[in-house]
>>> print(open('work.txt').read())   # compact mmCIF, C-alpha atoms
# COMPACT_ATOMS: atom_id res chain seq x y z
CA MET A 15 -13.65 14.90 4.09
CA PRO A 16 -9.86 14.73 4.16
CA ASP A 17 -7.71 17.03 2.04
CA THR A 18 -6.77 15.28 -1.19
CA ASN A 19 -3.35 15.50 -2.78
CA GLN A 20 -4.84 15.20 -6.26
CA ALA A 21 -1.49 15.34 -8.08
CA ALA A 22 -0.15 12.40 -6.05
CA LEU A 23 -3.37 10.45 -6.53
CA ASP A 24 -3.37 11.11 -10.29
CA PHE A 25 0.25 9.96 -10.47
CA LEU A 26 -0.53 6.69 -8.64
CA LEU A 27 -3.58 6.04 -10.83
CA THR A 28 -1.56 6.46 -14.03
CA ARG A 29 1.98 5.34 -13.05
CA ARG A 30 3.65 2.94 -15.48
CA SER A 31 7.05 1.30 -15.17
CA ARG A 32 9.36 1.76 -18.13
CA PRO A 33 10.83 -1.43 -19.60
CA ALA A 34 14.47 -1.76 -18.55
CA LYS A 35 15.55 -2.36 -22.17
CA THR A 36 14.26 1.13 -23.10
CA LEU A 37 16.28 2.99 -20.43
CA ALA A 38 19.34 4.96 -21.50
CA ALA A 39 21.98 7.21 -19.97
CA PRO A 40 22.18 9.52 -18.25
CA ALA A 41 21.10 8.03 -14.95
CA PRO A 42 20.33 10.01 -11.81
CA ASP A 43 23.42 11.59 -10.27
CA ARG A 44 24.40 10.88 -6.65
CA GLU A 45 22.50 13.86 -5.21
CA THR A 46 19.34 12.95 -7.09
CA LEU A 47 19.70 9.29 -6.18
CA ASP A 48 20.10 10.24 -2.51
CA THR A 49 16.72 11.98 -2.70
CA LEU A 50 15.11 8.93 -4.32
CA LEU A 51 16.65 6.58 -1.74
CA THR A 52 15.49 8.88 1.06
CA ALA A 53 11.93 8.65 -0.27
CA ALA A 54 12.18 4.86 -0.52
CA ALA A 55 13.53 4.57 3.03
CA ARG A 56 10.31 6.16 4.35
CA THR A 57 8.60 2.82 3.72
CA PRO A 58 6.55 1.35 6.58
CA ASP A 59 8.91 -0.62 8.80
CA HIS A 60 7.16 -2.24 11.75
CA GLY A 61 9.57 -2.23 14.69
CA LYS A 62 11.99 0.18 12.99
CA LEU A 63 14.27 -2.74 12.14
CA GLU A 64 15.38 -1.49 8.71
CA PRO A 65 15.27 -5.03 7.32
CA TRP A 66 16.57 -3.82 3.96
CA ARG A 67 19.47 -1.87 2.53
CA PHE A 68 20.62 -0.46 -0.79
CA VAL A 69 23.53 -1.44 -3.03
CA VAL A 70 24.00 1.13 -5.81
CA LEU A 71 25.33 -0.52 -8.96
CA GLU A 72 27.23 1.85 -11.23
CA GLN A 73 28.54 1.01 -14.70
CA ALA A 74 31.70 -0.95 -13.80
CA ALA A 75 29.76 -3.00 -11.24
CA LEU A 76 26.96 -3.67 -13.73
CA GLN A 77 29.44 -4.92 -16.34
CA ARG A 78 31.10 -7.18 -13.75
CA LEU A 79 27.72 -8.53 -12.64
CA GLY A 80 26.69 -9.19 -16.24
CA LYS A 81 29.82 -11.26 -16.73
CA LEU A 82 29.32 -13.09 -13.44
CA ALA A 83 25.69 -13.84 -14.35
CA ARG A 84 26.83 -15.36 -17.63
CA THR A 85 29.41 -17.53 -15.85
CA ARG A 86 26.96 -18.62 -13.13
CA GLY A 87 24.23 -19.33 -15.69
CA ALA A 88 26.59 -21.57 -17.65
CA ASP A 89 27.69 -23.32 -14.44
CA LEU A 90 24.02 -23.96 -13.61
CA GLY A 91 23.37 -25.36 -17.10
CA PHE A 92 20.89 -22.70 -18.13
CA ASP A 93 20.09 -22.26 -21.82
CA THR A 94 21.67 -19.40 -23.72
CA ASP A 95 18.49 -17.32 -23.85
CA LYS A 96 18.04 -17.44 -20.07
CA ILE A 97 21.70 -16.52 -19.53
CA ASP A 98 21.63 -13.69 -22.10
CA LYS A 99 18.43 -12.20 -20.67
CA ILE A 100 20.03 -11.70 -17.25
CA GLY A 101 23.45 -10.73 -18.63
CA VAL A 102 21.92 -8.01 -20.80
CA MET A 103 19.73 -6.84 -17.88
CA PHE A 104 22.92 -5.84 -16.04
CA GLU A 105 25.11 -4.83 -18.98
CA ASN A 106 22.61 -2.44 -20.56
CA ALA A 107 21.39 -0.72 -17.39
CA PRO A 108 22.53 2.90 -16.97
CA LEU A 109 22.29 2.49 -13.17
CA SER A 110 20.65 -0.02 -10.86
CA VAL A 111 19.90 -0.20 -7.17
CA ALA A 112 19.80 -3.62 -5.57
CA VAL A 113 17.26 -3.47 -2.76
CA VAL A 114 18.62 -6.08 -0.38
CA ALA A 115 16.21 -7.85 1.95
CA SER A 116 18.12 -8.23 5.19
CA PRO A 117 15.77 -9.60 7.84
CA LYS A 118 16.71 -8.96 11.47
CA PRO A 119 16.18 -11.34 14.40
CA SER A 120 13.05 -10.26 16.23
CA ASP A 121 10.62 -11.84 18.68
CA LYS A 122 7.98 -9.26 17.73
CA ILE A 123 8.30 -8.76 13.96
CA PRO A 124 7.92 -11.94 11.86
CA GLU A 125 10.34 -12.37 8.97
CA ILE A 126 7.48 -12.23 6.46
CA GLU A 127 6.62 -8.69 7.61
CA GLN A 128 10.24 -7.71 7.10
CA THR A 129 10.24 -9.28 3.62
CA LEU A 130 7.05 -7.44 2.71
CA SER A 131 8.66 -4.19 3.87
CA SER A 132 11.57 -4.91 1.50
CA GLY A 133 9.14 -5.25 -1.38
CA ALA A 134 7.47 -2.00 -0.35
CA VAL A 135 10.89 -0.29 -0.51
CA CYS A 136 11.22 -1.49 -4.10
CA LEU A 137 7.88 0.04 -5.06
CA ALA A 138 8.64 3.24 -3.16
CA LEU A 139 11.96 3.64 -5.01
CA LEU A 140 10.32 2.84 -8.33
CA ASN A 141 7.54 5.37 -7.74
CA ALA A 142 9.94 8.04 -6.46
CA ALA A 143 12.02 7.69 -9.63
CA LEU A 144 8.97 7.82 -11.89
CA ALA A 145 7.56 10.82 -10.01
CA ALA A 146 10.90 12.59 -10.44
CA GLY A 147 10.71 12.08 -14.21
CA TRP A 148 13.13 9.16 -14.57
CA GLY A 149 12.46 5.90 -16.33
CA ALA A 150 12.49 3.01 -13.87
CA ASN A 151 11.85 -0.72 -13.77
CA TRP A 152 11.78 -3.30 -10.96
CA LEU A 153 13.25 -6.66 -11.96
CA THR A 154 14.53 -9.74 -10.17
CA GLY A 155 15.40 -12.93 -12.06
CA TRP A 156 17.35 -15.95 -10.86
CA THR A 157 20.38 -13.89 -9.80
CA ALA A 158 18.30 -12.31 -7.02
CA PHE A 159 18.28 -15.67 -5.22
CA ASP A 160 21.41 -17.49 -6.42
CA ARG A 161 23.63 -17.70 -3.32
CA PRO A 162 27.01 -17.80 -5.14
CA PHE A 163 26.00 -14.81 -7.29
CA LEU A 164 24.78 -12.87 -4.25
CA SER A 165 27.89 -13.65 -2.22
CA GLU A 166 30.49 -13.10 -4.92
CA GLY A 167 28.75 -10.37 -6.88
CA LEU A 168 27.19 -8.27 -4.14
CA GLY A 169 28.86 -9.42 -0.92
CA LEU A 170 25.54 -10.40 0.65
CA GLU A 171 25.30 -12.42 3.85
CA ASN A 172 23.67 -15.87 3.84
CA HIS A 173 20.37 -14.57 5.23
CA GLU A 174 20.08 -11.80 2.59
CA PHE A 175 18.60 -11.79 -0.89
CA VAL A 176 17.69 -9.17 -3.51
CA ALA A 177 14.06 -8.06 -3.28
CA GLY A 178 14.54 -6.18 -6.54
CA PHE A 179 16.97 -4.61 -8.94
CA ILE A 180 15.56 -1.16 -9.64
CA HIS A 181 16.94 -0.01 -12.98
CA LEU A 182 17.06 3.75 -13.50
CA GLY A 183 17.75 5.98 -16.49
CA CYS A 184 16.15 8.19 -19.08
CA GLU A 185 13.17 6.75 -20.84
CA THR A 186 13.61 6.50 -24.60
CA SER A 187 9.98 5.65 -25.32
CA THR A 188 6.67 5.68 -23.52
CA PRO A 189 5.15 2.22 -23.43
CA PRO A 190 1.43 1.76 -23.92
CA ASP A 191 -0.53 1.03 -20.81
CA ARG A 192 -1.02 -2.63 -20.13
CA PRO A 193 -4.24 -4.37 -19.12
CA ARG A 194 -5.03 -3.75 -15.45
CA PRO A 195 -6.81 -6.07 -13.02
CA ASP A 196 -10.59 -6.22 -12.98
CA LEU A 197 -11.18 -4.62 -9.58
CA ALA A 198 -14.56 -6.33 -9.12
CA ALA A 199 -12.95 -9.74 -9.68
CA ILE A 200 -10.29 -9.25 -6.99
CA THR A 201 -12.25 -7.34 -4.35
CA THR A 202 -14.44 -8.76 -1.61
CA TRP A 203 -16.51 -6.43 0.58
CA LEU A 204 -17.34 -7.65 4.08
CA SER A 205 -19.88 -5.62 5.98
CA ALA A 206 -20.54 -7.94 8.91
>>> encode(input="work.txt", output="structure tokens")
Amino acid sequence: MPDTNQAALDFLLTRRSRPAKTLAAPAPDRETLDTLLTAAARTPDHGKLEPWRFVVLEQAALQRLGKLARTRGADLGFDTDKIDKIGVMFENAPLSVAVVASPKPSDKIPEIEQTLSSGAVCLALLNAALAAGWGANWLTGWTAFDRPFLSEGLGLENHEFVAGFIHLGCETSTPPDRPRPDLAAITTWLSA
């Protein structure tokens, strides 16, 4: 039998994201965030392409992005509730990390594998933050894919998009656990 890291397994079996609206300052400092980003960057990356990168969004950037989201939402004709939801997501975050999917040309590694790696980075960053005692939440929303928002707000290239905005801060309340999938309903065992 292999050696079990029971603490890590217990963490993964009980981990729970913290709703972004319940996160408050302070956020992780630069040294702490470097550790969390280092953990996230250890994500499986077939071909060592690093098809993702990080954009750390501090307070002034978050306020600017909230304003830009409101302007873009109005330009797109979205209703007030949809615009406010995204605007508040940025404006109220103590700190956020945009995990940018940045696929690389490759004859060996399909773009879908690179996109999946970007999603894995999001989960790794989320779990690293939670394991370190921070509140964290992984969100996207329409701004993650809106080309003018991505170009103007984050300086992304045309082939890039946001795999996730990982919001970080101190948790102000512990949410109840939510219903989890019925493992028997989503698992197929093949023996031959």
>>> residues_near_point(input="work.txt", point="(9.9, -11.6, 4.2)", cutoff="10 Å", atoms="all atoms listed in the file", output="PyMOL selection string")
chain A and resi 65+115-117+124-133+177
>>> atom_distance(input="work.txt", atom1="atom CA of Pro42 of chain A", atom2="atom CA of Gly183 of chain A")
6.7 Å
>>> closest_residue(input="work.txt", among="A:Thr28, A:Ser110, A:Asn141, A:Thr186", to="Ala54 of chain A", atoms="only C-alpha atoms")
A:Asn141
>>> atom_distance(input="work.txt", atom1="atom CA of Val114 of chain A", atom2="atom CA of Ser165 of chain A")
12.1 Å
>>> atom_distance(input="work.txt", atom1="atom CA of Val69 of chain A", atom2="atom CA of Gly167 of chain A")
11.0 Å
>>> residues_near_point(input="work.txt", point="(19.5, -6.5, -21.9)", cutoff="12 Å", atoms="all atoms listed in the file", output="CSV table (one decimal) with C-alpha atoms, keeping the file's coordinate frame")
chain,number,residue,atom,x,y,z
A,33,PRO,CA,10.8,-1.4,-19.6
A,34,ALA,CA,14.5,-1.8,-18.6
A,35,LYS,CA,15.6,-2.4,-22.2
A,36,THR,CA,14.3,1.1,-23.1
A,37,LEU,CA,16.3,3.0,-20.4
A,38,ALA,CA,19.3,5.0,-21.5
A,76,LEU,CA,27.0,-3.7,-13.7
A,77,GLN,CA,29.4,-4.9,-16.3
A,80,GLY,CA,26.7,-9.2,-16.2
A,95,ASP,CA,18.5,-17.3,-23.8
A,96,LYS,CA,18.0,-17.4,-20.1
A,97,ILE,CA,21.7,-16.5,-19.5
A,98,ASP,CA,21.6,-13.7,-22.1
A,99,LYS,CA,18.4,-12.2,-20.7
A,100,ILE,CA,20.0,-11.7,-17.2
A,101,GLY,CA,23.4,-10.7,-18.6
A,102,VAL,CA,21.9,-8.0,-20.8
A,103,MET,CA,19.7,-6.8,-17.9
A,104,PHE,CA,22.9,-5.8,-16.0
A,105,GLU,CA,25.1,-4.8,-19.0
A,106,ASN,CA,22.6,-2.4,-20.6
A,107,ALA,CA,21.4,-0.7,-17.4
A,108,PRO,CA,22.5,2.9,-17.0
A,153,LEU,CA,13.2,-6.7,-12.0
A,181,HIS,CA,16.9,0.0,-13.0
>>> residues_around(input="work.txt", residues="Arg56 of chain A", least_positions_apart="2", cutoff="12 Å", atoms="all atoms listed in the file", output="PyMOL selection string")
chain A and resi 49-54+58-60+62+64+66+131-132+134-139+142
>>> closest_residue(input="work.txt", among="A:Ile123, A:Ala41, A:Leu63, A:Leu71", to="Ala143 of chain A", atoms="all atoms listed in the file")
A:Ala41
>>> decode(input="work.txt", residues="segment 59-91 of chain A", atoms="N, CA and C atoms", output="mmCIF file, in the first residue's frame")
data_model
loop_
_atom_site.group_PDB
_atom_site.id
_atom_site.type_symbol
_atom_site.label_atom_id
_atom_site.label_comp_id
_atom_site.auth_asym_id
_atom_site.auth_seq_id
_atom_site.Cartn_x
_atom_site.Cartn_y
_atom_site.Cartn_z
ATOM 1 N N ASP A 59 1.209 19.948 -17.197
ATOM 2 C CA ASP A 59 1.357 20.773 -18.398
ATOM 3 C C ASP A 59 2.065 19.931 -19.453
ATOM 4 N N HIS A 60 1.287 19.137 -20.162
ATOM 5 C CA HIS A 60 1.828 18.244 -21.187
ATOM 6 C C HIS A 60 2.618 19.062 -22.209
ATOM 7 N N GLY A 61 3.867 18.718 -22.401
ATOM 8 C CA GLY A 61 4.725 19.416 -23.347
ATOM 9 C C GLY A 61 5.450 20.610 -22.760
ATOM 10 N N LYS A 62 5.210 20.898 -21.494
ATOM 11 C CA LYS A 62 5.856 22.035 -20.816
ATOM 12 C C LYS A 62 5.699 23.330 -21.616
ATOM 13 N N LEU A 63 4.482 23.571 -22.092
ATOM 14 C CA LEU A 63 4.216 24.751 -22.911
ATOM 15 C C LEU A 63 3.872 25.994 -22.093
ATOM 16 N N GLU A 64 3.470 25.786 -20.832
ATOM 17 C CA GLU A 64 2.962 26.886 -20.008
ATOM 18 C C GLU A 64 1.904 27.677 -20.785
ATOM 19 N N PRO A 65 0.776 27.004 -21.097
ATOM 20 C CA PRO A 65 -0.262 27.648 -21.888
ATOM 21 C C PRO A 65 -1.210 28.513 -21.059
ATOM 22 N N TRP A 66 -0.679 29.096 -20.014
ATOM 23 C CA TRP A 66 -1.428 29.941 -19.094
ATOM 24 C C TRP A 66 -0.448 30.901 -18.431
ATOM 25 N N ARG A 67 -1.013 31.966 -17.904
ATOM 26 C CA ARG A 67 -0.227 32.948 -17.160
ATOM 27 C C ARG A 67 -1.145 33.640 -16.165
ATOM 28 N N PHE A 68 -0.535 34.409 -15.279
ATOM 29 C CA PHE A 68 -1.286 35.075 -14.209
ATOM 30 C C PHE A 68 -1.262 36.585 -14.401
ATOM 31 N N VAL A 69 -2.400 37.225 -14.135
ATOM 32 C CA VAL A 69 -2.475 38.682 -14.049
ATOM 33 C C VAL A 69 -3.062 38.980 -12.675
ATOM 34 N N VAL A 70 -2.232 39.548 -11.789
ATOM 35 C CA VAL A 70 -2.677 39.860 -10.427
ATOM 36 C C VAL A 70 -3.394 41.203 -10.449
ATOM 37 N N LEU A 71 -4.614 41.207 -9.962
ATOM 38 C CA LEU A 71 -5.464 42.396 -9.980
ATOM 39 C C LEU A 71 -5.570 42.962 -8.565
ATOM 40 N N GLU A 72 -4.877 44.070 -8.345
ATOM 41 C CA GLU A 72 -4.936 44.742 -7.051
ATOM 42 C C GLU A 72 -6.078 45.759 -7.063
ATOM 43 N N GLN A 73 -6.267 46.463 -5.970
ATOM 44 C CA GLN A 73 -7.453 47.296 -5.779
ATOM 45 C C GLN A 73 -7.712 48.304 -6.899
ATOM 46 N N ALA A 74 -6.729 49.091 -7.294
ATOM 47 C CA ALA A 74 -6.963 50.102 -8.335
ATOM 48 C C ALA A 74 -7.373 49.431 -9.640
ATOM 49 N N ALA A 75 -6.748 48.308 -9.974
ATOM 50 C CA ALA A 75 -7.101 47.581 -11.195
ATOM 51 C C ALA A 75 -8.520 47.024 -11.098
ATOM 52 N N LEU A 76 -8.890 46.499 -9.935
ATOM 53 C CA LEU A 76 -10.228 45.949 -9.758
ATOM 54 C C LEU A 76 -11.301 47.032 -9.902
ATOM 55 N N GLN A 77 -11.035 48.210 -9.363
ATOM 56 C CA GLN A 77 -11.989 49.315 -9.511
ATOM 57 C C GLN A 77 -12.129 49.711 -10.977
ATOM 58 N N ARG A 78 -11.006 49.797 -11.682
ATOM 59 C CA ARG A 78 -11.013 50.150 -13.107
ATOM 60 C C ARG A 78 -11.773 49.095 -13.907
ATOM 61 N N LEU A 79 -11.539 47.815 -13.595
ATOM 62 C CA LEU A 79 -12.229 46.749 -14.314
ATOM 63 C C LEU A 79 -13.725 46.729 -14.020
ATOM 64 N N GLY A 80 -14.105 47.067 -12.789
ATOM 65 C CA GLY A 80 -15.524 47.166 -12.460
ATOM 66 C C GLY A 80 -16.201 48.242 -13.291
ATOM 67 N N LYS A 81 -15.547 49.361 -13.438
ATOM 68 C CA LYS A 81 -16.086 50.457 -14.246
ATOM 69 C C LYS A 81 -16.157 50.055 -15.722
ATOM 70 N N LEU A 82 -15.092 49.426 -16.224
ATOM 71 C CA LEU A 82 -15.080 48.978 -17.606
ATOM 72 C C LEU A 82 -16.175 47.944 -17.858
ATOM 73 N N ALA A 83 -16.385 47.032 -16.925
ATOM 74 C CA ALA A 83 -17.434 46.019 -17.070
ATOM 75 C C ALA A 83 -18.801 46.681 -17.164
ATOM 76 N N ARG A 84 -19.011 47.711 -16.376
ATOM 77 C CA ARG A 84 -20.295 48.420 -16.423
ATOM 78 C C ARG A 84 -20.485 49.106 -17.781
ATOM 79 N N THR A 85 -19.436 49.725 -18.283
ATOM 80 C CA THR A 85 -19.512 50.387 -19.587
ATOM 81 C C THR A 85 -19.754 49.372 -20.699
ATOM 82 N N ARG A 86 -18.970 48.274 -20.690
ATOM 83 C CA ARG A 86 -19.120 47.238 -21.723
ATOM 84 C C ARG A 86 -20.496 46.587 -21.642
ATOM 85 N N GLY A 87 -20.975 46.316 -20.439
ATOM 86 C CA GLY A 87 -22.291 45.704 -20.286
ATOM 87 C C GLY A 87 -23.386 46.591 -20.865
ATOM 88 N N ALA A 88 -23.283 47.885 -20.628
ATOM 89 C CA ALA A 88 -24.263 48.826 -21.186
ATOM 90 C C ALA A 88 -24.153 48.851 -22.713
ATOM 91 N N ASP A 89 -22.922 48.874 -23.226
ATOM 92 C CA ASP A 89 -22.715 48.860 -24.682
ATOM 93 C C ASP A 89 -23.318 47.604 -25.323
ATOM 94 N N LEU A 90 -23.256 46.491 -24.611
ATOM 95 C CA LEU A 90 -23.785 45.227 -25.119
ATOM 96 C C LEU A 90 -25.295 45.083 -24.899
ATOM 97 N N GLY A 91 -25.895 46.044 -24.201
ATOM 98 C CA GLY A 91 -27.336 46.030 -23.971
ATOM 99 C C GLY A 91 -27.787 45.081 -22.884
#
